[in-house]
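Coordinates from my_file20.txt are shown below (compact mmCIF, C-alpha atoms).
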# COMPACT_ATOMS: atom_id res chain seq x y z
CA MET A 35 -3.47 -35.97 24.77
CA SER A 36 -2.81 -36.86 21.13
CA VAL A 37 -5.45 -38.69 19.12
CA GLY A 38 -4.45 -42.29 18.29
CA ARG A 39 -4.11 -43.38 14.65
CA ASP A 40 -6.92 -45.97 14.74
CA GLU A 41 -9.20 -43.62 16.62
CA ARG A 42 -8.52 -40.81 14.14
CA GLN A 43 -9.51 -43.08 11.27
CA ARG A 44 -12.82 -43.96 12.96
CA GLN A 45 -13.81 -40.39 13.77
CA LEU A 46 -16.80 -38.85 12.03
CA PRO A 47 -16.31 -35.31 10.73
CA ALA A 48 -18.58 -33.81 13.40
CA GLY A 49 -16.61 -35.48 16.16
CA ARG A 50 -13.32 -34.39 14.66
CA LYS A 51 -14.47 -30.81 14.39
CA ALA A 52 -15.62 -30.82 18.01
CA GLN A 53 -12.23 -32.09 19.16
CA LEU A 54 -10.49 -29.62 16.88
CA ALA A 55 -12.53 -26.74 18.31
CA ALA A 56 -11.74 -27.86 21.86
CA TYR A 57 -8.04 -28.09 21.04
CA VAL A 58 -7.96 -24.56 19.61
CA ALA A 59 -9.82 -23.25 22.66
CA ASP A 60 -7.30 -24.91 25.01
CA THR A 61 -4.19 -23.96 23.02
CA GLY A 62 -5.17 -20.41 22.07
CA GLU A 63 -3.43 -20.29 18.70
CA VAL A 64 -2.63 -23.10 16.25
CA THR A 65 -1.47 -23.65 12.68
CA VAL A 66 -3.15 -25.69 9.97
CA ALA A 67 -0.09 -27.94 9.70
CA GLU A 68 -0.15 -28.61 13.45
CA LEU A 69 -3.82 -29.59 13.35
CA ALA A 70 -3.38 -31.81 10.29
CA GLU A 71 -0.61 -33.72 12.06
CA ARG A 72 -2.46 -33.97 15.33
CA PHE A 73 -5.74 -35.23 13.86
CA GLY A 74 -4.30 -37.27 11.01
CA VAL A 75 -6.17 -35.53 8.20
CA SER A 76 -5.15 -33.46 5.18
CA ILE A 77 -4.38 -29.77 5.30
CA ASP A 78 -7.34 -29.10 3.00
CA THR A 79 -9.65 -30.92 5.41
CA VAL A 80 -8.37 -28.84 8.34
CA ARG A 81 -8.87 -25.66 6.37
CA ARG A 82 -12.48 -26.59 5.60
CA ASP A 83 -13.12 -27.47 9.24
CA LEU A 84 -11.63 -24.18 10.42
CA ASP A 85 -13.60 -22.18 7.87
CA GLN A 86 -16.84 -23.83 9.03
CA LEU A 87 -16.02 -23.34 12.71
CA ALA A 88 -15.18 -19.69 12.06
CA ALA A 89 -18.49 -19.22 10.22
CA GLU A 90 -20.26 -20.72 13.26
CA GLY A 91 -18.48 -18.26 15.56
CA VAL A 92 -16.54 -20.95 17.41
CA LEU A 93 -13.06 -19.55 16.63
CA VAL A 94 -11.32 -16.90 14.55
CA ARG A 95 -9.50 -17.80 11.34
CA THR A 96 -6.02 -16.40 10.83
CA TYR A 97 -3.55 -16.71 7.99
CA GLY A 98 -2.27 -20.29 8.23
CA GLY A 99 -4.31 -21.28 11.26
CA ALA A 100 -6.80 -20.12 13.88
CA VAL A 101 -7.04 -18.50 17.30
CA SER A 102 -9.52 -19.05 20.10
CA LEU A 103 -12.19 -16.50 20.88
CA SER A 104 -10.62 -15.94 24.29
CA THR A 105 -7.37 -14.94 22.59
CA VAL A 106 -9.18 -12.31 20.53
CA VAL A 107 -10.92 -10.99 23.63
CA ARG A 108 -7.56 -10.68 25.40
CA ALA A 109 -6.43 -8.38 22.59
CA ASP A 110 -9.13 -5.96 23.74
CA ARG A 111 -8.31 -5.94 27.43
CA ALA A 112 -8.41 -2.79 29.52
CA VAL A 113 -5.46 -0.48 29.05
CA ASP A 114 -4.15 -0.95 32.60
CA GLN A 115 -3.87 -4.70 31.95
CA ARG A 116 -2.22 -4.24 28.56
CA LEU A 117 0.45 -1.97 30.04
CA THR A 118 2.07 -5.06 31.59
CA VAL A 119 2.00 -7.20 28.41
CA GLN A 120 5.10 -7.32 26.15
CA GLU A 121 6.59 -4.39 28.07
CA GLN A 122 10.18 -4.80 26.90
CA GLU A 123 9.13 -5.36 23.30
CA LYS A 124 6.95 -2.24 23.34
CA GLU A 125 9.80 -0.14 24.73
CA LYS A 126 12.08 -1.31 21.92
CA ILE A 127 9.41 -0.48 19.37
CA GLY A 128 8.82 2.92 20.99
CA ALA A 129 12.50 3.83 20.86
CA LEU A 130 12.79 2.75 17.23
CA ALA A 131 9.61 4.55 16.19
CA ALA A 132 10.87 7.73 17.88
CA SER A 133 13.82 7.73 15.47
CA LEU A 134 11.35 8.35 12.65
CA VAL A 135 10.09 11.57 14.24
CA GLN A 136 11.78 14.76 13.10
CA ASP A 137 12.09 17.85 15.28
CA GLY A 138 9.53 20.50 14.45
CA SER A 139 7.17 18.02 12.80
CA THR A 140 3.49 17.31 13.32
CA ILE A 141 2.56 13.76 14.27
CA VAL A 142 -0.75 12.00 14.79
CA VAL A 143 -0.81 9.09 17.23
CA ASN A 144 -3.63 6.71 18.12
CA GLY A 145 -4.62 5.05 21.38
CA GLY A 146 -2.95 2.01 22.88
CA THR A 147 0.02 1.07 25.01
CA THR A 148 2.63 0.68 22.27
CA THR A 149 2.13 4.31 21.27
CA LEU A 150 2.59 5.29 24.92
CA ALA A 151 6.03 3.66 24.72
CA LEU A 152 6.72 5.87 21.70
CA ALA A 153 5.70 8.96 23.69
CA ARG A 154 8.10 8.08 26.50
CA ASN A 155 10.95 7.92 23.99
CA LEU A 156 10.51 11.44 22.59
CA GLY A 157 12.55 13.17 25.29
CA GLN A 158 15.37 14.15 22.93
CA HIS A 159 12.99 15.75 20.43
CA ARG A 160 11.92 19.38 20.29
CA ASP A 161 9.08 21.53 18.94
CA LEU A 162 6.65 18.71 18.15
CA THR A 163 2.96 19.13 17.50
CA VAL A 164 1.03 16.03 18.56
CA ALA A 165 -2.59 15.20 17.75
CA THR A 166 -4.01 12.09 19.41
CA ASN A 167 -7.10 10.27 20.63
CA ASN A 168 -5.06 8.67 23.42
CA LEU A 169 -6.22 10.22 26.70
CA LEU A 170 -3.12 8.97 28.54
CA MET A 171 -0.66 10.52 26.10
CA PRO A 172 -0.65 14.15 27.31
CA GLY A 173 0.57 12.95 30.71
CA VAL A 174 3.32 10.77 29.20
CA LEU A 175 4.80 13.10 26.55
CA PRO A 176 8.00 14.84 27.74
CA PRO A 177 7.14 18.56 28.17
CA THR A 178 10.44 19.67 26.66
CA ALA A 179 9.62 17.90 23.39
CA ILE A 180 6.21 19.46 22.80
CA ARG A 181 5.07 22.67 21.18
CA ASP A 182 1.36 21.82 21.12
CA ILE A 183 -0.86 18.87 22.05
CA TYR A 184 -4.34 18.37 20.60
CA VAL A 185 -6.79 15.65 21.65
CA PHE A 186 -9.52 14.59 19.23
CA GLY A 187 -13.01 14.89 20.64
CA GLY A 188 -15.74 12.29 20.60
CA ALA A 189 -17.07 9.50 22.76
CA VAL A 190 -14.63 8.05 25.28
CA ARG A 191 -14.05 4.31 25.06
CA ALA A 192 -13.39 3.52 28.72
CA LEU A 193 -11.74 0.16 28.00
CA THR A 194 -8.89 1.77 26.06
CA LEU A 195 -9.04 5.33 27.43
CA ALA A 196 -9.24 6.69 23.90
CA THR A 197 -11.74 8.95 22.16
CA ILE A 198 -13.74 7.76 19.18
CA GLY A 199 -14.78 10.39 16.67
CA PRO A 200 -13.71 12.39 13.62
CA VAL A 201 -10.05 13.15 13.00
CA SER A 202 -10.70 16.89 12.90
CA PHE A 203 -11.17 19.99 15.03
CA ARG A 204 -13.68 22.84 14.94
CA ALA A 205 -13.02 26.56 14.90
CA ASN A 206 -14.89 28.90 17.24
CA THR A 207 -17.29 29.57 14.39
CA GLY A 208 -18.21 25.89 14.29
CA ALA A 209 -16.53 25.27 10.95
CA GLU A 210 -14.53 22.06 10.67
CA LEU A 211 -10.81 22.64 10.22
CA ASP A 212 -8.93 20.36 7.86
CA ILE A 213 -5.72 18.92 9.29
CA SER A 214 -2.71 17.04 7.97
CA CYS A 215 0.46 15.70 9.55
CA ASP A 216 3.99 14.71 8.67
CA LEU A 217 3.85 11.27 10.25
CA ALA A 218 1.11 8.99 11.59
CA LEU A 219 2.21 6.47 14.22
CA ILE A 220 -0.47 3.81 14.53
CA GLY A 221 -0.52 0.90 16.96
CA VAL A 222 -2.55 -2.05 15.66
CA GLY A 223 -3.96 -5.27 17.11
CA ALA A 224 -2.87 -7.67 14.38
CA VAL A 225 -0.81 -7.89 11.18
CA ALA A 226 -1.23 -10.60 8.53
CA ALA A 227 -0.07 -11.07 4.95
CA ASP A 228 -3.60 -11.54 3.62
CA ALA A 229 -5.55 -9.29 6.00
CA GLY A 230 -3.24 -6.31 6.41
CA TYR A 231 -3.60 -4.35 9.66
CA THR A 232 -6.63 -5.09 11.82
CA THR A 233 -8.09 -4.24 15.20
CA SER A 234 -10.94 -5.50 17.36
CA ASN A 235 -13.19 -2.43 17.34
CA LEU A 236 -14.95 -1.14 14.23
CA ALA A 237 -15.07 2.52 15.29
CA GLU A 238 -11.38 2.55 16.19
CA ALA A 239 -10.52 0.99 12.83
CA ALA A 240 -12.38 3.77 11.03
CA MET A 241 -10.57 6.41 13.05
CA MET A 242 -7.17 4.84 12.33
CA GLN A 243 -8.03 4.77 8.63
CA GLU A 244 -8.67 8.50 8.73
CA MET A 245 -5.44 9.18 10.62
CA ILE A 246 -3.52 7.28 7.96
CA SER A 247 -5.23 9.22 5.16
CA ARG A 248 -4.10 12.54 6.65
CA ALA A 249 -0.40 11.65 6.95
CA ALA A 250 2.49 12.18 4.55
CA ARG A 251 4.20 9.12 6.03
CA VAL A 252 2.76 6.22 8.05
CA ALA A 253 4.44 3.96 10.59
CA ILE A 254 2.59 0.93 11.95
CA LEU A 255 3.67 -0.18 15.43
CA ALA A 256 3.12 -3.84 16.36
CA ASP A 257 5.01 -6.33 18.50
CA SER A 258 5.64 -9.86 17.23
CA SER A 259 2.69 -11.35 19.14
CA LYS A 260 0.45 -9.59 16.59
CA PHE A 261 1.91 -11.42 13.56
CA GLY A 262 -0.22 -13.82 11.52
CA ARG A 263 -3.46 -12.84 13.22
CA ARG A 264 -6.64 -11.20 11.98
CA LEU A 265 -9.05 -9.29 14.19
CA PHE A 266 -12.58 -8.11 13.48
CA ALA A 267 -12.06 -4.85 11.58
CA GLN A 268 -9.52 -4.10 8.87
CA ILE A 269 -7.68 -0.81 9.19
CA SER A 270 -5.89 -1.00 5.85
CA GLU A 271 -3.92 -3.23 3.55
CA LEU A 272 -0.19 -3.61 4.17
CA GLY A 273 0.80 -1.10 1.50
CA ALA A 274 -0.91 1.81 3.27
CA ALA A 275 2.12 2.06 5.57
CA ASP A 276 5.65 3.24 4.84
CA TYR A 277 7.10 1.39 7.83
CA LEU A 278 6.32 -1.53 10.10
CA VAL A 279 8.12 -1.01 13.41
CA THR A 280 8.39 -4.19 15.47
CA ASP A 281 10.60 -6.03 17.94
CA THR A 282 11.71 -8.95 15.76
CA ALA A 283 11.61 -10.10 12.15
CA PRO A 284 8.19 -11.44 11.07
CA PRO A 285 7.72 -14.93 9.56
CA PRO A 286 8.73 -15.36 5.91
CA ASP A 287 5.25 -15.05 4.41
CA LEU A 288 4.57 -11.74 6.16
CA ARG A 289 8.08 -10.45 5.48
CA ASP A 290 7.69 -11.20 1.77
CA ALA A 291 4.25 -9.57 1.67
CA LEU A 292 5.59 -6.44 3.35
CA LYS A 293 8.44 -6.21 0.86
CA ALA A 294 6.09 -6.69 -2.07
CA SER A 295 3.88 -3.91 -0.69
CA GLY A 296 6.79 -1.49 -0.36
CA VAL A 297 6.75 -1.43 3.44
CA GLU A 298 10.08 -0.83 5.15
CA LEU A 299 10.65 -3.20 8.08
CA LEU A 300 12.30 -1.64 11.14
CA THR A 301 13.53 -3.87 13.97
CA PRO A 302 16.08 -3.27 16.74
CA ALA A 303 18.38 -5.84 15.15
CA ALA A 304 18.56 -3.91 11.88
CA LYS A 305 20.71 -0.85 11.42
CA ALA A 306 18.92 2.40 12.16
CA LEU A 307 17.55 3.83 8.95
CA ALA A 308 17.07 7.54 8.34
CA PRO A 309 13.45 8.56 7.67
CA ARG A 310 12.57 8.82 4.02
CA GLN A 311 11.67 12.25 2.72
CA ALA A 312 7.98 12.87 2.38

Take the structure in the file and give it back as structure tokens.
Amino acid sequence: MSVGRDERQRQLPAGRKAQLAAYVADTGEVTVAELAERFGVSIDTVRRDLDQLAAEGVLVRTYGGAVSLSTVVRADRAVDQRLTVQEQEKEKIGALAASLVQDGSTIVVNGGTTTLALARNLGQHRDLTVATNNLLMPGVLPPTAIRDIYVFGGAVRALTLATIGPVSFRANTGAELDISCDLALIGVGAVAADAGYTTSNLAEAAMMQEMISRAARVAILADSSKFGRRLFAQISELGAADYLVTDTAPPPDLRDALKASGVELLTPAAKALAPRQA
């Protein structure tokens, strides 16, 4: 129910913030403009309220608004639940991301369900070397496309069925072997103009950072539900990627920030673009 004009004028700040917090919790995701209109206060006032509520751990601030804590938790659901979310969008992203992969190349791919969609779309490729922390990926990759598969060791995060550890392998002598790849394909939890690419788990963010650092080219995979959000741990700024592969065009602020950062936007609606030379 909307707050009446006279009632809005009588509200004390504490009461307004409580109602604002309840509204965000019920709605899941809101914008500053929406809250200013609903509660009859200025955009600056809403921003201050949201900043304070975020500092108190009541909600999570995003670029241009806020999301409820339950929304952030849903981003970290078990992998079997996430397989059924945004299925069609992920398949479109997977097919488009596969067009970036060149036969005979070495790719590094992280955990998650969007990257599994990529794996399913590699059937026309040949002689690929794949390094991943995604424990489901070896069973999804088309055998005809693969020369070698390597899985990074470390602790297993049961929620995501992915390993957490160094992006490296050890020789029989125990020495650590340095690795590099032609293309890193990284699924992320959120993308925002001011926050870059983020995820909900600190250890996974560190591992994705290292994957990106070892790649000649980087493609970020994210469906449009991830736009304008910020999760707990930053993976990198926007400019760390060469491509953002998604299902639809992002909002203007994010699109402009991507362009300014030199990130090539790939969507199914755009013409297929040939991969840039490393």

Close residues, Val201 (chain A) itself excluded, 7 Å, all atoms listed in the file, min 5 positions apart in chain, as a PDB file with C-alpha atoms, in the frame of the given file:
ATOM      1  CA  PHE A 186      -9.520  14.590  19.230  1.00  0.00           C
ATOM      2  CA  MET A 241     -10.570   6.410  13.050  1.00  0.00           C
ATOM      3  CA  GLU A 244      -8.670   8.500   8.730  1.00  0.00           C
ATOM      4  CA  MET A 245      -5.440   9.180  10.620  1.00  0.00           C
TER       5      MET A 245
END

| query | Which residues come within 6 Å of region 58-73 of chain A, counting all atoms listed in the file, excluding same-chain residues fewer than 2 positions away, as number ranges by chain? | reply | A: 55-56, 75-77, 98-102, 105

| message | Can you measure CA of Arg160 (chain A) to CA of Asp216 (chain A) for me? One decimal in Å is fine. | response | 14.8 Å

List the spatial neighbours of region 260-263 of chain A as a compact mmCIF listing (two decimals) with C-alpha atoms, keeping the file's coordinate frame - criterion: any atom at most 12 Å away, all atoms listed in the file, same-chain residues fewer than 3 positions off excluded.
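Wrote it out as part39.txt, contents follow:
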# COMPACT_ATOMS: atom_id res chain seq x y z
CA GLY A 62 -5.17 -20.41 22.07
CA GLU A 63 -3.43 -20.29 18.70
CA VAL A 64 -2.63 -23.10 16.25
CA THR A 65 -1.47 -23.65 12.68
CA VAL A 94 -11.32 -16.90 14.55
CA ARG A 95 -9.50 -17.80 11.34
CA THR A 96 -6.02 -16.40 10.83
CA TYR A 97 -3.55 -16.71 7.99
CA GLY A 98 -2.27 -20.29 8.23
CA GLY A 99 -4.31 -21.28 11.26
CA ALA A 100 -6.80 -20.12 13.88
CA VAL A 101 -7.04 -18.50 17.30
CA SER A 102 -9.52 -19.05 20.10
CA THR A 105 -7.37 -14.94 22.59
CA VAL A 106 -9.18 -12.31 20.53
CA ARG A 108 -7.56 -10.68 25.40
CA ALA A 109 -6.43 -8.38 22.59
CA GLN A 120 5.10 -7.32 26.15
CA GLU A 123 9.13 -5.36 23.30
CA LYS A 124 6.95 -2.24 23.34
CA THR A 148 2.63 0.68 22.27
CA GLY A 221 -0.52 0.90 16.96
CA VAL A 222 -2.55 -2.05 15.66
CA GLY A 223 -3.96 -5.27 17.11
CA ALA A 224 -2.87 -7.67 14.38
CA VAL A 225 -0.81 -7.89 11.18
CA ALA A 226 -1.23 -10.60 8.53
CA ALA A 227 -0.07 -11.07 4.95
CA ASP A 228 -3.60 -11.54 3.62
CA ALA A 229 -5.55 -9.29 6.00
CA GLY A 230 -3.24 -6.31 6.41
CA TYR A 231 -3.60 -4.35 9.66
CA THR A 232 -6.63 -5.09 11.82
CA THR A 233 -8.09 -4.24 15.20
CA SER A 234 -10.94 -5.50 17.36
CA ILE A 254 2.59 0.93 11.95
CA LEU A 255 3.67 -0.18 15.43
CA ALA A 256 3.12 -3.84 16.36
CA ASP A 257 5.01 -6.33 18.50
CA PHE A 266 -12.58 -8.11 13.48
CA ALA A 267 -12.06 -4.85 11.58
CA GLN A 268 -9.52 -4.10 8.87
CA LEU A 278 6.32 -1.53 10.10
CA VAL A 279 8.12 -1.01 13.41
CA THR A 280 8.39 -4.19 15.47
CA ASP A 281 10.60 -6.03 17.94
CA THR A 282 11.71 -8.95 15.76
CA ALA A 283 11.61 -10.10 12.15
CA PRO A 284 8.19 -11.44 11.07
CA PRO A 285 7.72 -14.93 9.56
CA PRO A 286 8.73 -15.36 5.91
CA ASP A 287 5.25 -15.05 4.41
CA LEU A 288 4.57 -11.74 6.16
CA ARG A 289 8.08 -10.45 5.48
CA ALA A 291 4.25 -9.57 1.67
CA LEU A 292 5.59 -6.44 3.35

| said: I'd like the neighbourhood of Ala237 (chain A) as a ChimeraX atom specification, where a residue qualifies if any of its atoms comes within 9 Å (using only C-alpha atoms), though same-chain residues fewer than 2 positions away should be ignored. | reply: /A:198-199,235,239-242,267

| request: Write out as a PyMOL selection string the residues lying within 12 Å of Ile141 (chain A), counting only C-alpha atoms and excluding same-chain residues fewer than 3 positions away. | output: chain A and resi 131-132+134-138+144+149+152-153+156+161-166+180-184+213-220+245-246+248-253

| Which distance in Å separates CA of Ser202 (chain A) and CA of Ser270 (chain A), to one decimal? | 19.8 Å

Edge lengths and centre, in Å to one decimal, as lines of an AutoDock Vina configuration file: that's what I need for the box along x, y and z that holds all listed atoms of region 84-97 of chain A plus 8 Å on each side.
center_x = -11.9
center_y = -20.3
center_z = 12.6
size_x = 32.7
size_y = 23.8
size_z = 25.5

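Distances to Lys126 (chain A) were evaluated for A:Asn168, A:Thr147, A:Thr301, A:Gln158 using all atoms listed in the file, and the minimum falls at A:Thr301.
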
| message | Between A:Gly74, A:Val142, A:Pro302, A:Ala48, which residue has the minimum interatomic distance to Gln86 (chain A), considering all atoms listed in the file? | response | A:Ala48

| request: For CA of Asp85 (chain A) and CA of Ala52 (chain A), quote the distance in Å rounded to one decimal. | output: 13.5 Å
